[in-house]
Amino acid sequence: MGYTIKNLESVEDMAKRHGLSEQGEARFARGDLAAVQTGLSHQRLRAGKRQQFGHHHEQAEEVYVVLAGGGRVKLNDEIVEIGKLDAIRVSPETMRAFEAGDEGLEILVFGQHFGGDGEIVPDWWSD
């Protein structure tokens, strides 16, 4: 079939699976969409919460689109305020993590998929 339609609410919440529900939700839809080259995730951070890890890639450039709410994103050593409909392109080598403001933060993430591409760094953004 030349297309796939999937409601993102029906994709498994990996935050829940990994005991991170207090922080928010993270649904990675590439497999559910049968996508071969494109990664897609839908993420929600609860008000005032920060992702518990930063990450970067070796090859994958990503684009983050703020659907609702706002907050901040840390890109390497820079912290930037973000809001609804902001689109943030991040180069592969740039370390990144998100923090929700008072209204929470809902984002869609797009990028080319490279299996095994990426490094997660726990507690990367600390005060």
# chains A, B, ... in the order shown; residues from 1 in each chain; ligands from 1

$ select_by_dssp --residues "chain A" --states "alpha helix (DSSP H)" --output "PyMOL selection string"
chain A and resi 14-17

$ write_last_selection --atoms "C-alpha atoms" --output "CSV table (one decimal), in the first residue's frame"
chain,number,residue,atom,x,y,z
A,14,MET,CA,6.8,5.2,25.5
A,15,ALA,CA,7.1,7.6,28.5
A,16,LYS,CA,4.5,5.4,30.3
A,17,ARG,CA,6.3,2.2,29.3

$ residues_around --residues "Asn76 in chain A" --least-positions-apart "2" --cutoff "8 Å" --atoms "only C-alpha atoms" --output "PyMOL selection string"
chain A and resi 74+78+94-96

$ residues_around --residues "range 56-70 of chain A" --least-positions-apart "5" --cutoff "12 Å" --atoms "only C-alpha atoms" --output "number ranges by chain"
A: 37-50, 75-76, 80-122, 124

$ select_by_dssp --residues "range 13-112 of chain A" --states "strand (DSSP E or B)" --output "VMD selection string"
chain A and resid 13 24 to 28 38 to 45 50 53 to 56 62 to 75 78 to 83 87 to 90 96 to 112

$ write_last_selection --atoms "C-alpha atoms" --output "CSV table (one decimal), in the first residue's frame"
chain,number,residue,atom,x,y,z
A,13,ASP,CA,3.2,6.0,25.0
A,24,GLY,CA,4.6,13.6,30.0
A,25,GLU,CA,4.0,11.5,27.0
A,26,ALA,CA,6.2,10.3,24.0
A,27,ARG,CA,4.7,8.5,21.1
A,28,PHE,CA,7.1,7.4,18.3
A,38,THR,CA,11.1,9.2,8.1
A,39,GLY,CA,10.9,9.3,11.9
A,40,LEU,CA,8.0,11.0,13.6
A,41,SER,CA,7.2,11.5,17.3
A,42,HIS,CA,4.5,13.3,19.2
A,43,GLN,CA,5.5,14.5,22.6
A,44,ARG,CA,3.8,16.2,25.5
A,45,LEU,CA,5.6,17.6,28.6
A,50,ARG,CA,11.8,19.1,31.8
A,53,PHE,CA,17.8,13.5,29.2
A,54,GLY,CA,19.4,15.4,26.3
A,55,HIS,CA,20.2,13.7,23.1
A,56,HIS,CA,21.9,14.2,19.8
A,62,GLU,CA,15.4,17.0,13.2
A,63,VAL,CA,12.6,19.5,13.0
A,64,TYR,CA,10.5,20.2,16.1
A,65,VAL,CA,7.1,22.0,15.8
A,66,VAL,CA,5.4,23.4,18.8
A,67,LEU,CA,1.7,22.5,18.6
A,68,ALA,CA,0.5,23.9,21.9
A,69,GLY,CA,1.9,25.6,25.0
A,70,GLY,CA,5.4,26.8,25.2
A,71,GLY,CA,8.6,26.6,27.2
A,72,ARG,CA,12.3,26.5,26.6
A,73,VAL,CA,14.7,24.4,24.6
A,74,LYS,CA,18.4,23.9,25.4
A,75,LEU,CA,20.5,23.6,22.3
A,78,GLU,CA,22.0,28.0,24.7
A,79,ILE,CA,18.5,28.2,26.2
A,80,VAL,CA,15.8,29.6,24.0
A,81,GLU,CA,12.1,30.5,24.7
A,82,ILE,CA,9.7,28.7,22.3
A,83,GLY,CA,5.9,29.0,21.7
A,87,ALA,CA,9.6,25.3,14.2
A,88,ILE,CA,13.1,24.5,15.4
A,89,ARG,CA,15.6,22.8,13.1
A,90,VAL,CA,18.3,21.0,15.0
A,96,ARG,CA,19.0,19.2,22.8
A,97,ALA,CA,16.3,18.9,25.5
A,98,PHE,CA,12.9,20.6,26.2
A,99,GLU,CA,11.3,22.1,29.2
A,100,ALA,CA,7.6,23.0,29.4
A,101,GLY,CA,6.2,26.3,30.6
A,102,ASP,CA,3.1,26.9,32.7
A,103,GLU,CA,0.7,25.6,30.0
A,104,GLY,CA,2.8,22.5,29.2
A,105,LEU,CA,4.4,21.8,25.8
A,106,GLU,CA,3.2,19.7,22.9
A,107,ILE,CA,5.5,19.1,20.0
A,108,LEU,CA,5.8,17.1,16.8
A,109,VAL,CA,9.3,15.9,15.8
A,110,PHE,CA,10.3,15.0,12.2
A,111,GLY,CA,13.5,13.6,10.9
A,112,GLN,CA,15.2,11.1,8.6

$ residues_around --residues "range 6-9 of chain A" --least-positions-apart "2" --cutoff "7 Å" --atoms "only C-alpha atoms" --output "JSON, numbers by chain"
{"A": [4, 11, 33]}

$ write_last_selection --atoms "C-alpha atoms" --output "PDB file, in the first residue's frame"
ATOM      1  CA  THR A   4      -0.611   4.709   6.049  1.00  0.00           C
ATOM      2  CA  VAL A  11       0.533   4.927  19.229  1.00  0.00           C
ATOM      3  CA  LEU A  33       3.121   4.261  10.067  1.00  0.00           C
TER       4      LEU A  33
END

$ atom_distance --atom1 "CA of Glu12 in chain A" --atom2 "CA of Gln51 in chain A"
18.2 Å

$ decode --residues "range 17-77 of chain A" --atoms "C-alpha atoms" --output "mmCIF file, in the first residue's frame"
data_model
loop_
_atom_site.group_PDB
_atom_site.id
_atom_site.type_symbol
_atom_site.label_atom_id
_atom_site.label_comp_id
_atom_site.auth_asym_id
_atom_site.auth_seq_id
_atom_site.Cartn_x
_atom_site.Cartn_y
_atom_site.Cartn_z
ATOM 1 C CA ARG A 17 6.289 2.224 29.300
ATOM 2 C CA HIS A 18 9.562 3.521 30.756
ATOM 3 C CA GLY A 19 8.103 4.977 33.965
ATOM 4 C CA LEU A 20 8.232 8.611 32.848
ATOM 5 C CA SER A 21 4.483 9.375 32.875
ATOM 6 C CA GLU A 22 4.910 12.071 35.526
ATOM 7 C CA GLN A 23 6.983 14.008 32.996
ATOM 8 C CA GLY A 24 4.603 13.586 30.039
ATOM 9 C CA GLU A 25 3.989 11.455 26.958
ATOM 10 C CA ALA A 26 6.186 10.324 24.043
ATOM 11 C CA ARG A 27 4.748 8.479 21.052
ATOM 12 C CA PHE A 28 7.140 7.351 18.301
ATOM 13 C CA ALA A 29 5.057 6.612 15.209
ATOM 14 C CA ARG A 30 7.595 5.480 12.579
ATOM 15 C CA GLY A 31 6.803 1.776 13.003
ATOM 16 C CA ASP A 32 3.045 2.295 13.309
ATOM 17 C CA LEU A 33 3.121 4.261 10.067
ATOM 18 C CA ALA A 34 5.342 1.661 8.366
ATOM 19 C CA ALA A 35 7.705 4.517 7.520
ATOM 20 C CA VAL A 36 11.092 3.433 6.233
ATOM 21 C CA GLN A 37 13.039 6.695 5.945
ATOM 22 C CA THR A 38 11.147 9.177 8.125
ATOM 23 C CA GLY A 39 10.930 9.328 11.895
ATOM 24 C CA LEU A 40 7.976 11.027 13.609
ATOM 25 C CA SER A 41 7.178 11.496 17.256
ATOM 26 C CA HIS A 42 4.452 13.291 19.180
ATOM 27 C CA GLN A 43 5.530 14.461 22.620
ATOM 28 C CA ARG A 44 3.840 16.237 25.504
ATOM 29 C CA LEU A 45 5.558 17.620 28.553
ATOM 30 C CA ARG A 46 3.439 18.455 31.563
ATOM 31 C CA ALA A 47 3.530 22.025 32.920
ATOM 32 C CA GLY A 48 6.879 22.867 34.474
ATOM 33 C CA LYS A 49 8.503 19.534 33.547
ATOM 34 C CA ARG A 50 11.807 19.058 31.750
ATOM 35 C CA GLN A 51 12.943 16.076 29.705
ATOM 36 C CA GLN A 52 15.120 13.864 31.892
ATOM 37 C CA PHE A 53 17.813 13.518 29.233
ATOM 38 C CA GLY A 54 19.375 15.358 26.345
ATOM 39 C CA HIS A 55 20.170 13.708 23.052
ATOM 40 C CA HIS A 56 21.941 14.224 19.755
ATOM 41 C CA HIS A 57 22.516 12.235 16.581
ATOM 42 C CA GLU A 58 25.363 11.354 14.260
ATOM 43 C CA GLN A 59 23.341 11.790 11.047
ATOM 44 C CA ALA A 60 19.700 12.751 11.654
ATOM 45 C CA GLU A 61 18.682 16.391 11.378
ATOM 46 C CA GLU A 62 15.372 16.959 13.200
ATOM 47 C CA VAL A 63 12.605 19.550 13.028
ATOM 48 C CA TYR A 64 10.483 20.202 16.114
ATOM 49 C CA VAL A 65 7.127 21.987 15.758
ATOM 50 C CA VAL A 66 5.381 23.387 18.832
ATOM 51 C CA LEU A 67 1.692 22.508 18.550
ATOM 52 C CA ALA A 68 0.522 23.943 21.876
ATOM 53 C CA GLY A 69 1.850 25.570 25.003
ATOM 54 C CA GLY A 70 5.402 26.751 25.213
ATOM 55 C CA GLY A 71 8.565 26.626 27.232
ATOM 56 C CA ARG A 72 12.260 26.469 26.558
ATOM 57 C CA VAL A 73 14.694 24.363 24.577
ATOM 58 C CA LYS A 74 18.353 23.924 25.443
ATOM 59 C CA LEU A 75 20.536 23.628 22.333
ATOM 60 C CA ASN A 76 24.120 22.845 23.357
ATOM 61 C CA ASP A 77 24.820 25.690 25.829
#
